[in-house]
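Input: a single structure, listed below in structure tokens.
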Amino acid sequence: MTHDAHQKVKASHLKRNAYLYVRQSTLRQVLENTESTQRQYALRQNAAALGWPLDRIIVIDTDLGQSGASAADREGFQRLVTEVSLGRAGIVLGLEVSRLARNSMDWHRLLEICALADTLILDEDGVYDPAHFNDRLLLGLKGTMSEAELHVLRARLQGGIRNKARRGELFVRPPMGFVYNAEEKLVPDPDQQVQQAVRLLFETFRRTSSAMATVKYFAAQGVQFPRHVYSGPNKGDVVWAGLEHSRALRILHNPRYAGAFVYGRTHTRKTVEGDWVIEPVPREEWEVLIREAHTGYIDWEEYEQNQLRLRDNCQAYGKDRRKSPPREGPALLQGLLVCGRCGKRMTVRYHSRRGQLVPDYICQREGIEHGEAICQHIPGAAIDEAIGNILVEAVTPVTLEVALAVQQELQSRLEEADRLRQQQVERARYEAELARRRYLRVDPDNRLVADSLEADWNNKLKLLSEAQEVCERQRTQDRKLVDDEQRAAILALATNFPQLWREPSTADRERKRMVRLLLEDITLNRADRLSLHIRFKGGAHRTIQLPLPQRSWEQRQTSSEVVAAIDRMLDDHTYPEIAAILNGQGLQSGEGKPFTARIVARIQRHYHLTPRYDRLRKAGMLTVEEMAKALDIHPQRVKIWNRHGLIRGHAYNGKNDCLYEPPGMSPPRKALGVKLSKRAAAGVVITQCTKEVQYEA
Ligand SMILES: [Zn+2]
């Protein structure tokens with residue numbers, strides 16, 4: 001320790017604590033580079049030599065295993081800064097102090113605070129007083145060098161990686177089903193079980209064209225899929241577990257299975273919050289793609305096909321997962337529902353019923369992942385309606401603020417549109433100016449060119465005036481819209497809300513926007529009843545119970561009155577007659593269609609109503625054959641007699657097949673030579689058969 005060092009340390013410093021900051025950037029360094037850690041701790045002796053008692057030297061080593069590249073996650077470093085800024089630190093110790101923070105910004109901030117708090121800095125080279133210009137310059141330089149060192153190191157590393165990647169020789173962690181052989185070539189895993197599982201995955205996908213179906217097949221067959229353990233004590237092991245949807249997708253999307261070497265499929269980026277996000281890079285922008293780099297499980301052609309199929313599937317099912325902005329569909333609560341069983345966001349699926357889109361709310365994330373049944377599936381119409389009613393109830397003058405927020409939003413949107421339109425005008429003006437200049441530049445003798453340029457200029461001027469006109473017109477319209485009527489309307493929203501809500505011309509999107517202004521989210525649970533737990537914006541909440549919505553077949557059911565009426569009418573009428581009578585009364589089938597003979601017949605069968613035939617038989621009616629025998633005539637004649645009203649028949653179906661009343665005491669007899677029409681006119685009996693048949697005779 002030099003004389004100079006002792007000069008810088010004053011009594012005021014010694015009164016305060018000394019802080020020793022120990023850091024190793026990675027866990028591996030912590031484990032392997034023990035020597036450096038020991039050197040860091042040895043600095044305590046230096047501080048003691050300068051006069052600090054050992055018990056006042058505080059060690060901050062909570063950041064062991066944290067990178068120095070940013071202070072954001074380093075609790076220890078932040079604590080150090082806090083202690084310094086509170087004036088508790090007389091000196092800060094660190095091995096190569098510049099490594100305290102390898103990010104210049106953090107480092108300079110620390111220096112500044114140290115200067116303000118009159119705190120010294122000590123490293124293996126000596127003691128610095130950040131309040132002195134020379135010392136601060138030196139420390140600043142050290143920090144910059146340190147950051148530069150890190151940069152160069154990383155650049156060199158990255159360069160090396162890129163070069164290797166370009167040659168296809170970069171060692172990348174092999175995906176499941178591949179291993180590196182002795183020549184460092186990627187080959188299919190010699191473990192036959194692993195290989196077969198991977199092959200089965202691709203085969204099943206080939207057969208089913210769907211990752212979901214593949215997962216289901218594995219689950220149904222009880223086939224397990226291998227998985228690497230990448231961390232923890234069992235690192236490097238292969239464990240077998242159920243195939244998950246995301247895993248299947250990752251494998252299907254991975255070009256390595258097609259024998260290709262790729263580099264740069266993803267891009268890592270730091271966000272404003274300091275998190276790292278990994279983003280996929282489109283295929284055209286992959287840095288390296290070498291086909292047939294090694295043996296694969298499928299060929300490149302099949303890989304391409306698989307990608308197409310997966311993309312089509314994805315478009316077919318849509319992806320609405322997280323809490324999401326309002327979209328066009330009518331499902332009011334899209335993106336606001338939380339599953340009451342598993343806590344995941346519920347998604348929307350639409351189906352069409354009687355020409356209308358009807359929403360269903362579904363919790364299917366887990367189901368998709370493991371190829372099992374979905375968690376909850378609830379028809380949405382009743383829920384939407386209940387929530388609508390609650391909102392209508394809840395919107396009182398208090399919610400005027402909401403109305404004003406809506407207005408604000410409308411206003412800002414209009415302004416935005418106006419800005420866009422003005423930009424269009426500007427652009428048109430610029431193009432007209434350009435055309436004018438081009439025209440002026442041309443040699444007037446060159447008539448051909450001059451003419452066409454003049455026409456172009458004229459054209460551009462016309463476009464400009466059109467754009468201006470549109471802009472002006474729209475602006476005056478907008479102004480009127482928001483200024484007078486709309487403002488009044490919005491101010492009246494507190495009382496008008498129910499009307500506005502139910503107004504058919506209010507777009508679904510607007511309704512959803514209103515819901516979002518009022519509600520935070522809704523938790524949905526289906527048991528013997530539906531329970532909805534509603535959280536309003538601002539903390540209020542409410543739970544309501546709804547009866548379980550009817551299943552779609554229940555909604556299509558025929559009403560019990562209609563069934564009873566049909567039961568009654570079957571005594572006296574055929575199916576077509578019953579259908580005509582029901583339609584005459586303005587009744588409709590459960591599906592909302594007019595009745596037909598076929599529908600009536602189906603209802604009879606479905607509700608096990610006694611068929612008309614059985615009813616007539618039970619009442620003692622005879623079949624054609626029995627009647628023929630009783631009257632001792634040919635069966636064909638029974639029908640003819642019936643048609644002419646000599647005997648009485650009752651139709652039991654739409655084809656006018658009849659059962660006959662027994663002949664009784666004085667049955668009609670064969671009377672040769674007498675016209676049948678004459679005998680009928682005698683009016684022995686009045687036929688019950690349908691009229692059309694009588695006219696035929
Ligand atoms: Zn769920």
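The chains in the structure tokens are called A, B, ... from first to last as shown; in each chain the residues are counted from 1, and the ligands are counted from 1 in the order shown.
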- Test item: residues lying within 7 Å of ligand 1 with only C-alpha atoms and all ligand atoms, as a PyMOL selection string: chain A and resi 339-344+363-364+375-376
Selected residues written out with all heavy atoms, as a PDB file, in the first residue's frame:
ATOM      1  N   CYS A 339     -60.775 -19.675 -17.210  1.00  0.00           N
ATOM      2  CA  CYS A 339     -61.364 -20.954 -16.836  1.00  0.00           C
ATOM      3  C   CYS A 339     -61.320 -21.112 -15.317  1.00  0.00           C
ATOM      4  O   CYS A 339     -60.281 -20.938 -14.698  1.00  0.00           O
ATOM      5  CB  CYS A 339     -60.589 -22.077 -17.504  1.00  0.00           C
ATOM      6  SG  CYS A 339     -61.096 -23.695 -16.960  1.00  0.00           S
ATOM      7  N   GLY A 340     -62.464 -21.439 -14.727  1.00  0.00           N
ATOM      8  CA  GLY A 340     -62.539 -21.592 -13.284  1.00  0.00           C
ATOM      9  C   GLY A 340     -61.934 -22.888 -12.789  1.00  0.00           C
ATOM     10  O   GLY A 340     -61.744 -23.075 -11.588  1.00  0.00           O
ATOM     11  N   ARG A 341     -61.638 -23.812 -13.703  1.00  0.00           N
ATOM     12  CA  ARG A 341     -61.055 -25.078 -13.263  1.00  0.00           C
ATOM     13  C   ARG A 341     -59.549 -25.030 -13.246  1.00  0.00           C
ATOM     14  O   ARG A 341     -58.917 -25.466 -12.299  1.00  0.00           O
ATOM     15  CB  ARG A 341     -61.487 -26.195 -14.223  1.00  0.00           C
ATOM     16  CG  ARG A 341     -62.828 -26.702 -13.847  1.00  0.00           C
ATOM     17  CD  ARG A 341     -63.176 -27.969 -14.574  1.00  0.00           C
ATOM     18  NE  ARG A 341     -64.619 -28.062 -14.615  1.00  0.00           N
ATOM     19  CZ  ARG A 341     -65.295 -28.794 -15.445  1.00  0.00           C
ATOM     20  NH1 ARG A 341     -64.668 -29.519 -16.337  1.00  0.00           N
ATOM     21  NH2 ARG A 341     -66.596 -28.817 -15.399  1.00  0.00           N
ATOM     22  N   CYS A 342     -58.971 -24.514 -14.339  1.00  0.00           N
ATOM     23  CA  CYS A 342     -57.511 -24.574 -14.416  1.00  0.00           C
ATOM     24  C   CYS A 342     -56.866 -23.198 -14.472  1.00  0.00           C
ATOM     25  O   CYS A 342     -55.650 -23.090 -14.430  1.00  0.00           O
ATOM     26  CB  CYS A 342     -57.081 -25.408 -15.619  1.00  0.00           C
ATOM     27  SG  CYS A 342     -57.519 -24.669 -17.176  1.00  0.00           S
ATOM     28  N   GLY A 343     -57.669 -22.138 -14.567  1.00  0.00           N
ATOM     29  CA  GLY A 343     -57.099 -20.800 -14.509  1.00  0.00           C
ATOM     30  C   GLY A 343     -56.512 -20.308 -15.809  1.00  0.00           C
ATOM     31  O   GLY A 343     -55.877 -19.267 -15.851  1.00  0.00           O
ATOM     32  N   LYS A 344     -56.729 -21.046 -16.897  1.00  0.00           N
ATOM     33  CA  LYS A 344     -56.190 -20.582 -18.171  1.00  0.00           C
ATOM     34  C   LYS A 344     -57.216 -19.708 -18.890  1.00  0.00           C
ATOM     35  O   LYS A 344     -58.401 -19.755 -18.581  1.00  0.00           O
ATOM     36  CB  LYS A 344     -55.837 -21.799 -19.032  1.00  0.00           C
ATOM     37  CG  LYS A 344     -54.752 -22.633 -18.411  1.00  0.00           C
ATOM     38  CD  LYS A 344     -53.870 -23.230 -19.475  1.00  0.00           C
ATOM     39  CE  LYS A 344     -52.503 -23.596 -18.954  1.00  0.00           C
ATOM     40  NZ  LYS A 344     -52.479 -24.371 -17.728  1.00  0.00           N
ATOM     41  N   CYS A 363     -62.112 -24.019 -22.893  1.00  0.00           N
ATOM     42  CA  CYS A 363     -60.777 -24.084 -22.308  1.00  0.00           C
ATOM     43  C   CYS A 363     -60.138 -25.341 -22.854  1.00  0.00           C
ATOM     44  O   CYS A 363     -60.526 -26.428 -22.487  1.00  0.00           O
ATOM     45  CB  CYS A 363     -60.852 -24.130 -20.791  1.00  0.00           C
ATOM     46  SG  CYS A 363     -59.246 -24.403 -20.042  1.00  0.00           S
ATOM     47  N   GLN A 364     -59.197 -25.186 -23.750  1.00  0.00           N
ATOM     48  CA  GLN A 364     -58.688 -26.363 -24.445  1.00  0.00           C
ATOM     49  C   GLN A 364     -57.169 -26.464 -24.448  1.00  0.00           C
ATOM     50  O   GLN A 364     -56.616 -27.384 -25.037  1.00  0.00           O
ATOM     51  CB  GLN A 364     -59.191 -26.360 -25.881  1.00  0.00           C
ATOM     52  CG  GLN A 364     -58.833 -25.091 -26.600  1.00  0.00           C
ATOM     53  CD  GLN A 364     -59.452 -25.025 -27.992  1.00  0.00           C
ATOM     54  OE1 GLN A 364     -60.127 -25.941 -28.401  1.00  0.00           O
ATOM     55  NE2 GLN A 364     -59.212 -23.962 -28.706  1.00  0.00           N
ATOM     56  N   CYS A 375     -61.086 -29.066 -21.278  1.00  0.00           N
ATOM     57  CA  CYS A 375     -61.378 -28.822 -19.862  1.00  0.00           C
ATOM     58  C   CYS A 375     -62.817 -28.356 -19.667  1.00  0.00           C
ATOM     59  O   CYS A 375     -63.574 -28.945 -18.905  1.00  0.00           O
ATOM     60  CB  CYS A 375     -60.383 -27.787 -19.374  1.00  0.00           C
ATOM     61  SG  CYS A 375     -60.558 -27.274 -17.707  1.00  0.00           S
ATOM     62  N   GLN A 376     -63.209 -27.304 -20.354  1.00  0.00           N
ATOM     63  CA  GLN A 376     -64.588 -26.813 -20.253  1.00  0.00           C
ATOM     64  C   GLN A 376     -65.039 -26.349 -21.630  1.00  0.00           C
ATOM     65  O   GLN A 376     -64.257 -25.786 -22.379  1.00  0.00           O
ATOM     66  CB  GLN A 376     -64.676 -25.618 -19.299  1.00  0.00           C
ATOM     67  CG  GLN A 376     -64.455 -25.953 -17.870  1.00  0.00           C
ATOM     68  CD  GLN A 376     -65.077 -24.882 -16.966  1.00  0.00           C
ATOM     69  OE1 GLN A 376     -66.223 -24.986 -16.560  1.00  0.00           O
ATOM     70  NE2 GLN A 376     -64.314 -23.853 -16.669  1.00  0.00           N
TER      71      GLN A 376
END
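The neighbours of region 431-434 of chain A here are the residues that come within 8 Å of it, using only C-alpha atoms and leaving out any residue fewer than 5 positions away in the same chain; they are Trp457, Lys460, Leu461 and Leu464 of chain A.
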- Skipping near chain neighbours, those fewer than 3 positions away, what residues fall within 10 Å of Gln545 (chain A) using only C-alpha atoms, listed as a list in words? Ala386, Asn525, Arg526, Arg529, Leu530, Ser531, Leu532, His533 and Leu548 of chain A
Let me see the file: selected residues, all heavy atoms, as an mmCIF file, in the first residue's frame.
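Saved as result_3.cif:
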data_model
loop_
_atom_site.group_PDB
_atom_site.id
_atom_site.type_symbol
_atom_site.label_atom_id
_atom_site.label_comp_id
_atom_site.auth_asym_id
_atom_site.auth_seq_id
_atom_site.Cartn_x
_atom_site.Cartn_y
_atom_site.Cartn_z
ATOM 1 N N ALA A 386 -76.406 -12.592 -20.126
ATOM 2 C CA ALA A 386 -76.400 -12.276 -18.692
ATOM 3 C C ALA A 386 -75.465 -11.113 -18.396
ATOM 4 O O ALA A 386 -75.794 -10.196 -17.647
ATOM 5 C CB ALA A 386 -75.984 -13.499 -17.900
ATOM 6 N N ASN A 525 -67.125 -21.141 -14.350
ATOM 7 C CA ASN A 525 -67.032 -22.519 -13.878
ATOM 8 C C ASN A 525 -68.341 -23.236 -14.144
ATOM 9 O O ASN A 525 -69.416 -22.704 -13.903
ATOM 10 C CB ASN A 525 -66.712 -22.539 -12.391
ATOM 11 C CG ASN A 525 -66.048 -23.836 -12.005
ATOM 12 O OD1 ASN A 525 -65.731 -24.651 -12.880
ATOM 13 N ND2 ASN A 525 -65.857 -24.046 -10.732
ATOM 14 N N ARG A 526 -68.231 -24.466 -14.613
ATOM 15 C CA ARG A 526 -69.415 -25.203 -14.957
ATOM 16 C C ARG A 526 -69.543 -26.378 -14.008
ATOM 17 O O ARG A 526 -68.692 -27.252 -13.959
ATOM 18 C CB ARG A 526 -69.278 -25.718 -16.388
ATOM 19 C CG ARG A 526 -70.420 -26.573 -16.788
ATOM 20 C CD ARG A 526 -70.216 -27.107 -18.196
ATOM 21 N NE ARG A 526 -71.469 -27.676 -18.622
ATOM 22 C CZ ARG A 526 -71.921 -27.641 -19.853
ATOM 23 N NH1 ARG A 526 -71.234 -27.081 -20.783
ATOM 24 N NH2 ARG A 526 -73.072 -28.193 -20.153
ATOM 25 N N ARG A 529 -74.560 -25.891 -12.005
ATOM 26 C CA ARG A 529 -74.968 -24.606 -12.568
ATOM 27 C C ARG A 529 -73.732 -23.921 -13.103
ATOM 28 O O ARG A 529 -72.623 -24.333 -12.807
ATOM 29 C CB ARG A 529 -75.608 -23.730 -11.476
ATOM 30 C CG ARG A 529 -76.947 -24.208 -11.000
ATOM 31 C CD ARG A 529 -77.309 -23.522 -9.701
ATOM 32 N NE ARG A 529 -77.753 -22.159 -9.897
ATOM 33 C CZ ARG A 529 -78.960 -21.824 -10.360
ATOM 34 N NH1 ARG A 529 -79.811 -22.761 -10.692
ATOM 35 N NH2 ARG A 529 -79.311 -20.579 -10.505
ATOM 36 N N LEU A 530 -73.957 -22.854 -13.884
ATOM 37 C CA LEU A 530 -72.824 -22.067 -14.349
ATOM 38 C C LEU A 530 -72.575 -20.976 -13.341
ATOM 39 O O LEU A 530 -73.507 -20.273 -12.964
ATOM 40 C CB LEU A 530 -73.181 -21.381 -15.658
ATOM 41 C CG LEU A 530 -72.937 -22.112 -16.948
ATOM 42 C CD1 LEU A 530 -73.216 -21.157 -18.087
ATOM 43 C CD2 LEU A 530 -71.511 -22.588 -17.015
ATOM 44 N N SER A 531 -71.315 -20.835 -12.875
ATOM 45 C CA SER A 531 -71.091 -19.685 -12.016
ATOM 46 C C SER A 531 -70.104 -18.747 -12.697
ATOM 47 O O SER A 531 -69.108 -19.172 -13.263
ATOM 48 C CB SER A 531 -70.607 -20.123 -10.642
ATOM 49 O OG SER A 531 -69.250 -20.411 -10.704
ATOM 50 N N LEU A 532 -70.458 -17.472 -12.661
ATOM 51 C CA LEU A 532 -69.636 -16.442 -13.295
ATOM 52 C C LEU A 532 -69.154 -15.495 -12.213
ATOM 53 O O LEU A 532 -69.960 -14.895 -11.510
ATOM 54 C CB LEU A 532 -70.459 -15.617 -14.285
ATOM 55 C CG LEU A 532 -70.704 -16.169 -15.676
ATOM 56 C CD1 LEU A 532 -71.715 -17.276 -15.613
ATOM 57 C CD2 LEU A 532 -71.194 -15.068 -16.582
ATOM 58 N N HIS A 533 -67.845 -15.391 -12.105
ATOM 59 C CA HIS A 533 -67.297 -14.447 -11.149
ATOM 60 C C HIS A 533 -66.775 -13.268 -11.949
ATOM 61 O O HIS A 533 -65.836 -13.389 -12.717
ATOM 62 C CB HIS A 533 -66.179 -15.098 -10.344
ATOM 63 C CG HIS A 533 -65.665 -14.200 -9.266
ATOM 64 N ND1 HIS A 533 -66.373 -13.971 -8.115
ATOM 65 C CD2 HIS A 533 -64.552 -13.460 -9.190
ATOM 66 C CE1 HIS A 533 -65.684 -13.128 -7.363
ATOM 67 N NE2 HIS A 533 -64.582 -12.802 -7.996
ATOM 68 N N LEU A 548 -77.548 -24.156 -16.400
ATOM 69 C CA LEU A 548 -76.730 -24.658 -17.497
ATOM 70 C C LEU A 548 -77.448 -24.397 -18.813
ATOM 71 O O LEU A 548 -78.643 -24.621 -18.921
ATOM 72 C CB LEU A 548 -76.523 -26.164 -17.343
ATOM 73 C CG LEU A 548 -75.461 -26.597 -16.356
ATOM 74 C CD1 LEU A 548 -75.297 -28.092 -16.436
ATOM 75 C CD2 LEU A 548 -74.144 -25.920 -16.655
#
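Counting only C-alpha atoms, region 359-362 of chain A has the following residues at most 8 Å away, ignoring those fewer than 4 positions along the same chain: Pro330, Ala331, Met346, Thr347, Val348, Arg349, Tyr350, His351, Ile374, Cys375, Gln376, His377, Ile378, Pro379, Gly380 and Ala381 of chain A.
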- List the neighbours of region 613-625 of chain A out to 12 Å using only C-alpha atoms; skip same-chain residues closer than 4 positions along the sequence, and give me the result as a PyMOL selection string. chain A and resi 567-575+609+629-642+647-654+656-664
- Task: Return the single residue from A:Gly584, A:Lys537, A:Ile603, A:Leu500 that is closest to Val562 (chain A), with distances computed using only C-alpha atoms.
- Result: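 With only C-alpha atoms as the atom set, the closest residue is A:Ile603.
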- Excluding Trp300 (chain A) and residues on its chain fewer than 6 positions from it, collect all residues at most 12 Å away from it, counting only C-alpha atoms, and give them as a PyMOL selection string. chain A and resi 252-261+289-294+306-307
Can those selected residues be exported to a file as a CSV table (one decimal), in the first residue's frame so that it contains all heavy atoms?
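Wrote it out as part_38.csv, contents follow:
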chain,number,residue,atom,x,y,z
A,252,LEU,N,-41.9,-31.3,-35.6
A,252,LEU,CA,-42.4,-31.2,-37.0
A,252,LEU,C,-41.9,-30.0,-37.7
A,252,LEU,O,-41.6,-30.0,-38.9
A,252,LEU,CB,-43.9,-31.2,-37.0
A,252,LEU,CG,-44.6,-32.6,-36.6
A,252,LEU,CD1,-46.1,-32.4,-36.3
A,252,LEU,CD2,-44.4,-33.6,-37.7
A,253,HIS,N,-41.6,-29.0,-36.9
A,253,HIS,CA,-41.1,-27.7,-37.5
A,253,HIS,C,-39.6,-27.7,-37.6
A,253,HIS,O,-39.0,-26.8,-38.3
A,253,HIS,CB,-41.5,-26.5,-36.7
A,253,HIS,CG,-42.9,-26.1,-36.9
A,253,HIS,ND1,-43.4,-25.7,-38.1
A,253,HIS,CD2,-44.0,-25.9,-36.0
A,253,HIS,CE1,-44.7,-25.4,-38.0
A,253,HIS,NE2,-45.0,-25.5,-36.8
A,254,ASN,N,-38.9,-28.7,-37.0
A,254,ASN,CA,-37.5,-28.6,-36.9
A,254,ASN,C,-36.9,-29.2,-38.2
A,254,ASN,O,-37.0,-30.4,-38.5
A,254,ASN,CB,-37.0,-29.4,-35.7
A,254,ASN,CG,-35.5,-29.2,-35.5
A,254,ASN,OD1,-34.8,-28.7,-36.3
A,254,ASN,ND2,-35.1,-29.5,-34.3
A,255,PRO,N,-36.2,-28.4,-39.0
A,255,PRO,CA,-35.6,-28.9,-40.3
A,255,PRO,C,-34.5,-29.9,-40.1
A,255,PRO,O,-34.2,-30.6,-41.0
A,255,PRO,CB,-35.1,-27.6,-40.9
A,255,PRO,CG,-35.0,-26.6,-39.9
A,255,PRO,CD,-35.9,-27.0,-38.8
A,256,ARG,N,-34.0,-30.1,-38.9
A,256,ARG,CA,-32.9,-31.0,-38.7
A,256,ARG,C,-33.4,-32.5,-38.9
A,256,ARG,O,-32.6,-33.3,-39.3
A,256,ARG,CB,-32.3,-30.9,-37.3
A,256,ARG,CG,-31.8,-29.5,-37.0
A,256,ARG,CD,-30.5,-29.6,-36.3
A,256,ARG,NE,-29.4,-29.9,-37.2
A,256,ARG,CZ,-28.2,-29.9,-36.8
A,256,ARG,NH1,-27.8,-29.8,-35.6
A,256,ARG,NH2,-27.2,-30.2,-37.7
A,257,TYR,N,-34.7,-32.7,-38.7
A,257,TYR,CA,-35.2,-34.0,-38.9
A,257,TYR,C,-35.3,-34.4,-40.4
A,257,TYR,O,-35.4,-35.5,-40.8
A,257,TYR,CB,-36.6,-34.2,-38.3
A,257,TYR,CG,-36.5,-34.2,-36.8
A,257,TYR,CD1,-36.7,-33.1,-36.0
A,257,TYR,CD2,-36.3,-35.4,-36.1
A,257,TYR,CE1,-36.6,-33.1,-34.6
A,257,TYR,CE2,-36.2,-35.5,-34.7
A,257,TYR,CZ,-36.3,-34.3,-34.0
A,257,TYR,OH,-36.2,-34.4,-32.6
A,258,ALA,N,-35.2,-33.3,-41.2
A,258,ALA,CA,-35.1,-33.5,-42.7
A,258,ALA,C,-33.7,-33.6,-43.1
A,258,ALA,O,-33.4,-33.5,-44.3
A,258,ALA,CB,-35.9,-32.4,-43.4
A,259,GLY,N,-32.8,-33.7,-42.2
A,259,GLY,CA,-31.4,-33.8,-42.5
A,259,GLY,C,-30.7,-32.5,-42.9
A,259,GLY,O,-29.6,-32.5,-43.5
A,260,ALA,N,-31.3,-31.4,-42.6
A,260,ALA,CA,-30.7,-30.1,-42.9
A,260,ALA,C,-30.0,-29.5,-41.7
A,260,ALA,O,-30.4,-29.7,-40.6
A,260,ALA,CB,-31.8,-29.2,-43.4
A,261,PHE,N,-29.0,-28.8,-42.0
A,261,PHE,CA,-28.3,-28.0,-41.0
A,261,PHE,C,-28.8,-26.5,-41.1
A,261,PHE,O,-28.8,-26.0,-42.2
A,261,PHE,CB,-26.8,-28.0,-41.1
A,261,PHE,CG,-26.1,-27.2,-40.1
A,261,PHE,CD1,-25.8,-27.7,-38.8
A,261,PHE,CD2,-25.8,-25.8,-40.4
A,261,PHE,CE1,-25.2,-26.9,-37.9
A,261,PHE,CE2,-25.2,-25.1,-39.4
A,261,PHE,CZ,-24.9,-25.6,-38.1
A,289,LEU,N,-28.6,-22.5,-44.2
A,289,LEU,CA,-29.5,-23.6,-44.4
A,289,LEU,C,-28.8,-24.6,-45.4
A,289,LEU,O,-28.6,-24.2,-46.6
A,289,LEU,CB,-30.9,-23.2,-45.0
A,289,LEU,CG,-31.7,-24.3,-45.6
A,289,LEU,CD1,-32.1,-25.3,-44.5
A,289,LEU,CD2,-33.0,-23.7,-46.1
A,290,ILE,N,-28.3,-25.7,-44.9
A,290,ILE,CA,-27.6,-26.6,-45.7
A,290,ILE,C,-28.4,-27.9,-45.7
A,290,ILE,O,-28.6,-28.6,-44.7
A,290,ILE,CB,-26.2,-26.9,-45.1
A,290,ILE,CG1,-25.4,-25.6,-45.0
A,290,ILE,CG2,-25.5,-27.9,-46.0
A,290,ILE,CD1,-24.1,-25.8,-44.2
A,291,ARG,N,-29.0,-28.2,-46.9
A,291,ARG,CA,-29.8,-29.4,-47.0
A,291,ARG,C,-28.9,-30.6,-47.1
A,291,ARG,O,-27.8,-30.6,-47.6
A,291,ARG,CB,-30.7,-29.3,-48.2
A,291,ARG,CG,-31.9,-28.4,-48.0
A,291,ARG,CD,-32.7,-28.3,-49.2
A,291,ARG,NE,-33.2,-26.9,-49.3
A,291,ARG,CZ,-33.9,-26.4,-50.3
A,291,ARG,NH1,-34.1,-27.1,-51.3
A,291,ARG,NH2,-34.3,-25.2,-50.2
A,292,GLU,N,-29.5,-31.8,-46.7
A,292,GLU,CA,-28.7,-33.0,-46.8
A,292,GLU,C,-27.4,-33.0,-46.1
A,292,GLU,O,-26.4,-33.4,-46.6
A,292,GLU,CB,-28.6,-33.5,-48.3
A,292,GLU,CG,-29.9,-33.9,-48.9
A,292,GLU,CD,-29.9,-34.0,-50.4
A,292,GLU,OE1,-28.8,-34.4,-50.9
A,292,GLU,OE2,-30.9,-33.9,-51.0
A,293,ALA,N,-27.4,-32.3,-45.0
A,293,ALA,CA,-26.1,-32.2,-44.2
A,293,ALA,C,-25.9,-33.5,-43.5
A,293,ALA,O,-24.7,-33.8,-43.2
A,293,ALA,CB,-26.2,-31.1,-43.2
A,294,HIS,N,-26.9,-34.2,-43.2
A,294,HIS,CA,-26.8,-35.5,-42.5
A,294,HIS,C,-28.0,-36.3,-42.8
A,294,HIS,O,-28.9,-35.9,-43.4
A,294,HIS,CB,-26.6,-35.3,-41.0
A,294,HIS,CG,-27.7,-34.5,-40.4
A,294,HIS,ND1,-28.9,-35.0,-40.0
A,294,HIS,CD2,-27.7,-33.1,-40.1
A,294,HIS,CE1,-29.6,-34.0,-39.5
A,294,HIS,NE2,-29.0,-32.9,-39.6
A,306,ASN,N,-45.0,-30.9,-44.8
A,306,ASN,CA,-45.5,-30.8,-43.4
A,306,ASN,C,-45.7,-29.3,-42.9
A,306,ASN,O,-46.7,-29.0,-42.3
A,306,ASN,CB,-44.5,-31.5,-42.5
A,306,ASN,CG,-44.5,-33.0,-42.6
A,306,ASN,OD1,-45.3,-33.5,-43.4
A,306,ASN,ND2,-43.5,-33.6,-42.0
A,307,GLN,N,-44.8,-28.5,-43.4
A,307,GLN,CA,-44.9,-27.1,-43.0
A,307,GLN,C,-46.2,-26.5,-43.5
A,307,GLN,O,-46.9,-25.8,-42.8
A,307,GLN,CB,-43.7,-26.2,-43.5
A,307,GLN,CG,-42.4,-26.7,-42.9
A,307,GLN,CD,-42.4,-27.0,-41.5
A,307,GLN,OE1,-42.7,-26.1,-40.7
A,307,GLN,NE2,-42.1,-28.2,-41.1
- Could you give me, as a PyMOL selection string, each residue of region 217-437 of chain A that DSSP assigns to helix (DSSP H, G or I) when run on this structure's backbone? chain A and resi 217-221+245-253+255-258+283-285+300-317+365-370+381-394+397-437
- Task: Enumerate the residues of region 336-567 of chain A with a DSSP assignment of strand (DSSP E or B), computed from the backbone, and present them as a ChimeraX atom specification.
- Result: /A:337-339,345,347-353,356-363,376-379,519-526,529-536,541-547
- Query: Between A:Pro668, A:Leu153, A:Lys593, A:Ile298, which is the closest to His644 (chain A) once you count only C-alpha atoms?
  - Reply: A:Pro668
